[in-house]
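Everything on this sheet refers to the single structure shown next.
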Amino acid sequence: MTDQPVYDGVVAHGIDTSRPSGPRVYDCLLGGKDNYEPDRELCRQITKVAPEAPEWARANRRWLAEVVTWLTAEAGVRRFVDAGCGLPTAENTHQIARRTNLHSSVIYVDNDPSVVIHGRALLLDNDRTQFVAADLTRPKHVLADPAIADLLGAGQPVALVLGLVLDHVADFEKTRKIVRTYVDALPSGSYLAITHACKPGDGGPVDALVTELSEKVRPAFPDLTFRSVEQITALFDGTEIFAPGVVRLSEWHVPGGRVDEEPPADVREVVYGGLARKR
Ligand SMILES: C[S@@+](CC[C@H](N)C(=O)[O-])C[C@H]1O[C@@H](n2cnc3c(N)ncnc32)[C@H](O)[C@@H]1O
């Protein structure tokens with residue numbers, strides 16, 4: 001059922017509640033309320049195969065909080081673009097950043113009609129937060145948006161956050177080019193933070209899990225792609241990745257930090273992340 005118009009004319013269709021939507025399924029995994037029965041049904045199918053999937057989503061949000069806090073508190077970043085931001089949840093980028101610096105500016109970008117509508121309603125609670133309804137696979141179009149052009153044009157470091165969104169672009173070379181176009185447009189001293197669904201490719205239990213999971217989600221999300229660590233690392237072209245590189249989120253730590261507790265060896269994790277700086 002298509003029941004609502006969408007702003008800006010960028011997303012030309014309304015909210016379709018008759019089939020699952022990526023951000024609403026993710027919201028469901030996070031225990032949110034902005035989802036419908038088809039989203040919940042797919043969520044149930046996912047957790048049947050991978051009971052730990054809600055923890056992957058929560059770990060991804062904890063990672064976002066850790067990265068944004070480090071960027072504001074330690075690296076002095078005051079400007080963020082959170083592209084593929086998802087539905088508003090408990091702790092969003094601008095709230096995390098403003099805890100350290102009230103003057104942080106955040107631009108959210110997403111192209112899903114549910115996110116556009118809820119995002120505009122819930123994320124824009126101060127004049128330093130903006131929402132751009134756009135398809136991030138069209139970087140030139142996104143970079144030409146006046147809000148984004150202004151933010152980048154100030155010449156100050158910007159943190160570009162791409163959390164669990166590049167896995168929605170099936171073609172690897174296309175994905176790499178998209179990210180490189182954004183990196184080239186960032187002022188020097190900017191940061192790139194990526195999380196991505198990973199298939200390690202070592203023939204282990206996570207590979208088998210990913211194969212099963214991919215079959216479950218393919219009918220709803222045919223483009224969803226799990227990439228190898230090498231491929232995810234290659235998406236950081238043109239930047240310098242901080243140690244520990246692209247790793248499972250439970251192994252990741254902020255630059256100069258360390259992991260408090262080593263994850264048990266048998267833990268199944270598919271979300272990998274990394275943080276890098278453009279010289
Ligand atoms: C799994 S959610 C991740 C949300 C958030 N970034 C996080 O890490 O918690 C992926 C989001 O990317 C958005 N997305 C997918 N493809 C996109 C595209 N081509 N342009 C803009 N947003 C996109 C979806 O609408 C969804 O909100």
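Residues are named by chain letter and number: chains run A, B, ... in the order of the structure tokens, numbers start at 1 in each chain, and ligands are numbered from 1 in the order shown.
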
Selection: 6 Å around stretch 188-204 of chain A, only C-alpha atoms, excl. self and same-chain fewer than 6 positions, as an MDAnalysis selection string
chainID A and resid 157:164 226:228 270:279

Include N, CA and C atoms and write out the residues we just selected as a PDB file, in the first residue's frame.
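Wrote it out as result05.pdb, contents follow:
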```
ATOM      1  N   PRO A 157      37.725  19.778   8.314  1.00  0.00           N
ATOM      2  CA  PRO A 157      37.531  18.328   8.241  1.00  0.00           C
ATOM      3  C   PRO A 157      36.079  17.921   8.450  1.00  0.00           C
ATOM      4  N   VAL A 158      35.667  16.970   7.646  1.00  0.00           N
ATOM      5  CA  VAL A 158      34.308  16.424   7.718  1.00  0.00           C
ATOM      6  C   VAL A 158      34.441  14.922   7.932  1.00  0.00           C
ATOM      7  N   ALA A 159      33.573  14.343   8.741  1.00  0.00           N
ATOM      8  CA  ALA A 159      33.558  12.884   8.864  1.00  0.00           C
ATOM      9  C   ALA A 159      32.398  12.347   8.033  1.00  0.00           C
ATOM     10  N   LEU A 160      32.736  11.502   7.064  1.00  0.00           N
ATOM     11  CA  LEU A 160      31.700  10.849   6.260  1.00  0.00           C
ATOM     12  C   LEU A 160      31.469   9.460   6.846  1.00  0.00           C
ATOM     13  N   VAL A 161      30.233   9.231   7.303  1.00  0.00           N
ATOM     14  CA  VAL A 161      29.882   7.949   7.921  1.00  0.00           C
ATOM     15  C   VAL A 161      29.015   7.163   6.942  1.00  0.00           C
ATOM     16  N   LEU A 162      29.443   5.945   6.620  1.00  0.00           N
ATOM     17  CA  LEU A 162      28.690   5.065   5.720  1.00  0.00           C
ATOM     18  C   LEU A 162      28.460   3.753   6.470  1.00  0.00           C
ATOM     19  N   GLY A 163      27.430   3.744   7.297  1.00  0.00           N
ATOM     20  CA  GLY A 163      27.176   2.581   8.162  1.00  0.00           C
ATOM     21  C   GLY A 163      26.214   1.604   7.515  1.00  0.00           C
ATOM     22  N   LEU A 164      26.674   0.401   7.253  1.00  0.00           N
ATOM     23  CA  LEU A 164      25.850  -0.676   6.686  1.00  0.00           C
ATOM     24  C   LEU A 164      24.989  -0.207   5.520  1.00  0.00           C
ATOM     25  N   PHE A 226      27.482  -9.251   0.692  1.00  0.00           N
ATOM     26  CA  PHE A 226      28.489  -9.419   1.741  1.00  0.00           C
ATOM     27  C   PHE A 226      29.847  -9.431   1.042  1.00  0.00           C
ATOM     28  N   ARG A 227      30.773  -8.597   1.503  1.00  0.00           N
ATOM     29  CA  ARG A 227      32.077  -8.520   0.824  1.00  0.00           C
ATOM     30  C   ARG A 227      33.200  -9.073   1.711  1.00  0.00           C
ATOM     31  N   SER A 228      34.336  -9.380   1.059  1.00  0.00           N
ATOM     32  CA  SER A 228      35.498  -9.876   1.809  1.00  0.00           C
ATOM     33  C   SER A 228      36.176  -8.702   2.528  1.00  0.00           C
ATOM     34  N   VAL A 270      29.128 -10.760  11.426  1.00  0.00           N
ATOM     35  CA  VAL A 270      29.219 -10.442   9.994  1.00  0.00           C
ATOM     36  C   VAL A 270      29.453  -8.950   9.738  1.00  0.00           C
ATOM     37  N   VAL A 271      29.379  -8.132  10.799  1.00  0.00           N
ATOM     38  CA  VAL A 271      29.578  -6.704  10.568  1.00  0.00           C
ATOM     39  C   VAL A 271      31.038  -6.338  10.877  1.00  0.00           C
ATOM     40  N   TYR A 272      31.691  -5.776   9.847  1.00  0.00           N
ATOM     41  CA  TYR A 272      33.086  -5.351   9.970  1.00  0.00           C
ATOM     42  C   TYR A 272      33.135  -3.836   9.803  1.00  0.00           C
ATOM     43  N   GLY A 273      34.139  -3.215  10.393  1.00  0.00           N
ATOM     44  CA  GLY A 273      34.221  -1.762  10.276  1.00  0.00           C
ATOM     45  C   GLY A 273      35.646  -1.267  10.248  1.00  0.00           C
ATOM     46  N   GLY A 274      35.780  -0.012   9.812  1.00  0.00           N
ATOM     47  CA  GLY A 274      37.093   0.628   9.804  1.00  0.00           C
ATOM     48  C   GLY A 274      36.941   2.141   9.805  1.00  0.00           C
ATOM     49  N   LEU A 275      38.013   2.805  10.230  1.00  0.00           N
ATOM     50  CA  LEU A 275      38.039   4.273  10.265  1.00  0.00           C
ATOM     51  C   LEU A 275      39.330   4.740   9.601  1.00  0.00           C
ATOM     52  N   ALA A 276      39.225   5.775   8.777  1.00  0.00           N
ATOM     53  CA  ALA A 276      40.408   6.239   8.046  1.00  0.00           C
ATOM     54  C   ALA A 276      40.421   7.761   7.989  1.00  0.00           C
ATOM     55  N   ARG A 277      41.592   8.289   7.667  1.00  0.00           N
ATOM     56  CA  ARG A 277      41.740   9.738   7.543  1.00  0.00           C
ATOM     57  C   ARG A 277      42.303  10.066   6.172  1.00  0.00           C
ATOM     58  N   LYS A 278      41.769  11.130   5.596  1.00  0.00           N
ATOM     59  CA  LYS A 278      42.318  11.592   4.318  1.00  0.00           C
ATOM     60  C   LYS A 278      43.420  12.598   4.641  1.00  0.00           C
ATOM     61  N   ARG A 279      44.587  12.423   4.085  1.00  0.00           N
ATOM     62  CA  ARG A 279      45.691  13.347   4.335  1.00  0.00           C
ATOM     63  C   ARG A 279      45.356  14.776   3.973  1.00  0.00           C
TER      64      ARG A 279
END
```

Taking only C-alpha atoms and all ligand atoms into account, report as a ChimeraX atom specification which residues have an atom no farther than 8 Å from an atom of ligand 1.
/A:21-24,26,57,60-61,64,82-87,109-113,115,133-138,161-166,168-169,195

With C-alpha atoms retained, could you export that selection as a PDB file, in the first residue's frame?
```pdb
ATOM      1  CA  SER A  21      12.079  -2.196   3.603  1.00  0.00           C
ATOM      2  CA  GLY A  22      15.781  -2.291   4.606  1.00  0.00           C
ATOM      3  CA  PRO A  23      15.709   0.411   7.280  1.00  0.00           C
ATOM      4  CA  ARG A  24      12.468  -0.941   8.803  1.00  0.00           C
ATOM      5  CA  TYR A  26      16.979  -3.017  10.677  1.00  0.00           C
ATOM      6  CA  ALA A  57      22.628  -4.359  14.730  1.00  0.00           C
ATOM      7  CA  ASN A  60      26.810  -1.495  14.754  1.00  0.00           C
ATOM      8  CA  ARG A  61      25.084   1.319  16.679  1.00  0.00           C
ATOM      9  CA  LEU A  64      28.778   4.474  15.556  1.00  0.00           C
ATOM     10  CA  ASP A  82      25.838  10.359   7.885  1.00  0.00           C
ATOM     11  CA  ALA A  83      24.839   8.806   4.563  1.00  0.00           C
ATOM     12  CA  GLY A  84      22.374   5.920   4.593  1.00  0.00           C
ATOM     13  CA  CYS A  85      21.544   7.064   8.114  1.00  0.00           C
ATOM     14  CA  GLY A  86      18.536   4.793   8.686  1.00  0.00           C
ATOM     15  CA  LEU A  87      15.452   5.429  10.796  1.00  0.00           C
ATOM     16  CA  VAL A 109      21.273  11.440   3.828  1.00  0.00           C
ATOM     17  CA  ASP A 110      18.897   8.623   2.945  1.00  0.00           C
ATOM     18  CA  ASN A 111      16.632   7.685   0.051  1.00  0.00           C
ATOM     19  CA  ASP A 112      14.106   5.420   1.753  1.00  0.00           C
ATOM     20  CA  PRO A 113      10.657   7.055   2.004  1.00  0.00           C
ATOM     21  CA  VAL A 115      13.484   7.327   6.641  1.00  0.00           C
ATOM     22  CA  ALA A 133      16.706  13.014   0.660  1.00  0.00           C
ATOM     23  CA  ALA A 134      19.042  11.580  -1.947  1.00  0.00           C
ATOM     24  CA  ASP A 135      20.439   8.420  -3.495  1.00  0.00           C
ATOM     25  CA  LEU A 136      24.046   8.148  -2.365  1.00  0.00           C
ATOM     26  CA  THR A 137      24.933   6.068  -5.435  1.00  0.00           C
ATOM     27  CA  ARG A 138      24.723   9.363  -7.337  1.00  0.00           C
ATOM     28  CA  VAL A 161      29.882   7.949   7.921  1.00  0.00           C
ATOM     29  CA  LEU A 162      28.690   5.065   5.720  1.00  0.00           C
ATOM     30  CA  GLY A 163      27.176   2.581   8.162  1.00  0.00           C
ATOM     31  CA  LEU A 164      25.850  -0.676   6.686  1.00  0.00           C
ATOM     32  CA  VAL A 165      24.825   1.023   3.478  1.00  0.00           C
ATOM     33  CA  LEU A 166      27.460   0.171   0.857  1.00  0.00           C
ATOM     34  CA  HIS A 168      23.181  -2.265  -0.746  1.00  0.00           C
ATOM     35  CA  VAL A 169      25.210  -1.625  -3.907  1.00  0.00           C
ATOM     36  CA  THR A 195      30.737  -0.598   8.439  1.00  0.00           C
TER      37      THR A 195
END
```

Shortest interatomic distance to A:Arg128 - which of A:Gly155, A:Ser105, A:Val247, A:Pro54, counting only C-alpha atoms
A:Ser105

I'd like the contact shell of A:Ala53 - 12 Å cut-off, only C-alpha atoms, skipping same-chain residues fewer than 5 positions apart - returned as a VMD selection string.
chain A and resid 25 to 31 42 to 48 58 to 60 197 209 to 210 213 267 to 271

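When DSSP reads the backbone of this structure, the residues of stretch 119-192 of chain A it assigns to strand (DSSP E) are A:Thr129, A:Gln130, A:Phe131, A:Val132, A:Ala133, A:Val158, A:Ala159, A:Leu160, A:Val161, A:Leu162, A:Gly163, A:Tyr191, A:Leu192.
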
Selection above as a file: N, CA and C atoms, as a short mmCIF file (atom, residue, chain, number, x, y, z; two decimals), in the first residue's frame:
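New file selection-v1.cif:
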```cif
data_model
loop_
_atom_site.label_atom_id
_atom_site.label_comp_id
_atom_site.auth_asym_id
_atom_site.auth_seq_id
_atom_site.Cartn_x
_atom_site.Cartn_y
_atom_site.Cartn_z
N THR A 129 21.38 20.58 12.30
CA THR A 129 21.13 19.24 11.77
C THR A 129 20.23 19.36 10.54
N GLN A 130 20.63 18.70 9.46
CA GLN A 130 19.84 18.78 8.23
C GLN A 130 19.62 17.38 7.66
N PHE A 131 18.60 17.28 6.83
CA PHE A 131 18.31 16.00 6.20
C PHE A 131 18.25 16.20 4.69
N VAL A 132 19.00 15.39 3.96
CA VAL A 132 18.97 15.45 2.50
C VAL A 132 18.41 14.14 1.98
N ALA A 133 17.30 14.21 1.25
CA ALA A 133 16.71 13.01 0.66
C ALA A 133 17.39 12.78 -0.67
N VAL A 158 35.67 16.97 7.65
CA VAL A 158 34.31 16.42 7.72
C VAL A 158 34.44 14.92 7.93
N ALA A 159 33.57 14.34 8.74
CA ALA A 159 33.56 12.88 8.86
C ALA A 159 32.40 12.35 8.03
N LEU A 160 32.74 11.50 7.06
CA LEU A 160 31.70 10.85 6.26
C LEU A 160 31.47 9.46 6.85
N VAL A 161 30.23 9.23 7.30
CA VAL A 161 29.88 7.95 7.92
C VAL A 161 29.02 7.16 6.94
N LEU A 162 29.44 5.94 6.62
CA LEU A 162 28.69 5.07 5.72
C LEU A 162 28.46 3.75 6.47
N GLY A 163 27.43 3.74 7.30
CA GLY A 163 27.18 2.58 8.16
C GLY A 163 26.21 1.60 7.52
N TYR A 191 37.64 12.49 7.62
CA TYR A 191 37.60 11.09 8.06
C TYR A 191 36.53 10.31 7.30
N LEU A 192 36.79 9.01 7.15
CA LEU A 192 35.84 8.12 6.51
C LEU A 192 35.61 6.93 7.44
#
```

DSSP helix (DSSP H, G or I) residues within stretch 61-179 of chain A, listed as a ChimeraX atom specification:
/A:61-73,93-100,113-123,139-143,146-153,166-168,172-179

I'd like the contact shell of A:Lys140 - 10 Å cut-off, only C-alpha atoms, skipping same-chain residues fewer than 4 positions apart - returned as a PyMOL selection string.
chain A and resi 136+144-145+178+181-182+185

For A:Gly257, list every protein, DNA or RNA residue within 12 Å, evaluated using only C-alpha atoms, and leave out those in the same chain fewer than 4 positions away; present the list as a PyMOL selection string.
chain A and resi 66-67+70+74+242-244+251-253

With N, CA and C atoms retained, could you export that selection as a short mmCIF file (atom, residue, chain, number, x, y, z; two decimals), in the first residue's frame?
```
data_model
loop_
_atom_site.label_atom_id
_atom_site.label_comp_id
_atom_site.auth_asym_id
_atom_site.auth_seq_id
_atom_site.Cartn_x
_atom_site.Cartn_y
_atom_site.Cartn_z
N GLU A 66 30.84 5.06 19.36
CA GLU A 66 32.26 5.10 19.73
C GLU A 66 33.06 5.95 18.74
N VAL A 67 32.77 5.76 17.45
CA VAL A 67 33.50 6.49 16.42
C VAL A 67 33.18 7.99 16.49
N TRP A 70 34.75 9.58 19.49
CA TRP A 70 36.19 9.77 19.32
C TRP A 70 36.47 10.93 18.36
N GLU A 74 38.33 13.58 20.41
CA GLU A 74 39.79 13.43 20.24
C GLU A 74 40.30 14.06 18.95
N PHE A 242 43.25 3.64 10.04
CA PHE A 242 43.84 3.49 11.38
C PHE A 242 43.88 2.01 11.76
N ALA A 243 44.87 1.63 12.58
CA ALA A 243 44.87 0.29 13.18
C ALA A 243 43.62 0.18 14.06
N PRO A 244 42.97 -0.98 14.13
CA PRO A 244 43.40 -2.28 13.63
C PRO A 244 42.95 -2.59 12.20
N GLU A 251 36.39 -6.58 17.50
CA GLU A 251 37.85 -6.45 17.56
C GLU A 251 38.31 -5.03 17.30
N TRP A 252 37.36 -4.17 16.93
CA TRP A 252 37.73 -2.80 16.53
C TRP A 252 37.94 -1.92 17.77
N HIS A 253 38.87 -1.01 17.68
CA HIS A 253 39.02 0.00 18.75
C HIS A 253 39.40 1.33 18.13
#
```

Give the answer as one residue: which of A:Arg79, A:Arg218, A:Arg120, A:Lys33 has the shortest atom-to-atom distance to A:Pro187, using only C-alpha atoms?
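Selected residue with least distance to A:Pro187: A:Arg79.
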
Using only C-alpha atoms, which of A:Ile148, A:Val229, A:Ile15, A:Val206 sits nearest A:Ser114?
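Once distances to A:Ser114 are computed over only C-alpha atoms, the minimum belongs to A:Ile15.
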
Closest to A:Thr175 among A:Ala208, A:Leu122, A:Val217, A:Ile232, using only C-alpha atoms?
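Going through A:Ala208, A:Leu122, A:Val217, A:Ile232 one by one, the smallest distance to A:Thr175 is for A:Ile232.
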
Residue nearest A:Glu215 - candidates A:Ala170, A:Leu123, A:Asn35, A:Val49, atoms counted: only C-alpha atoms
A:Val49
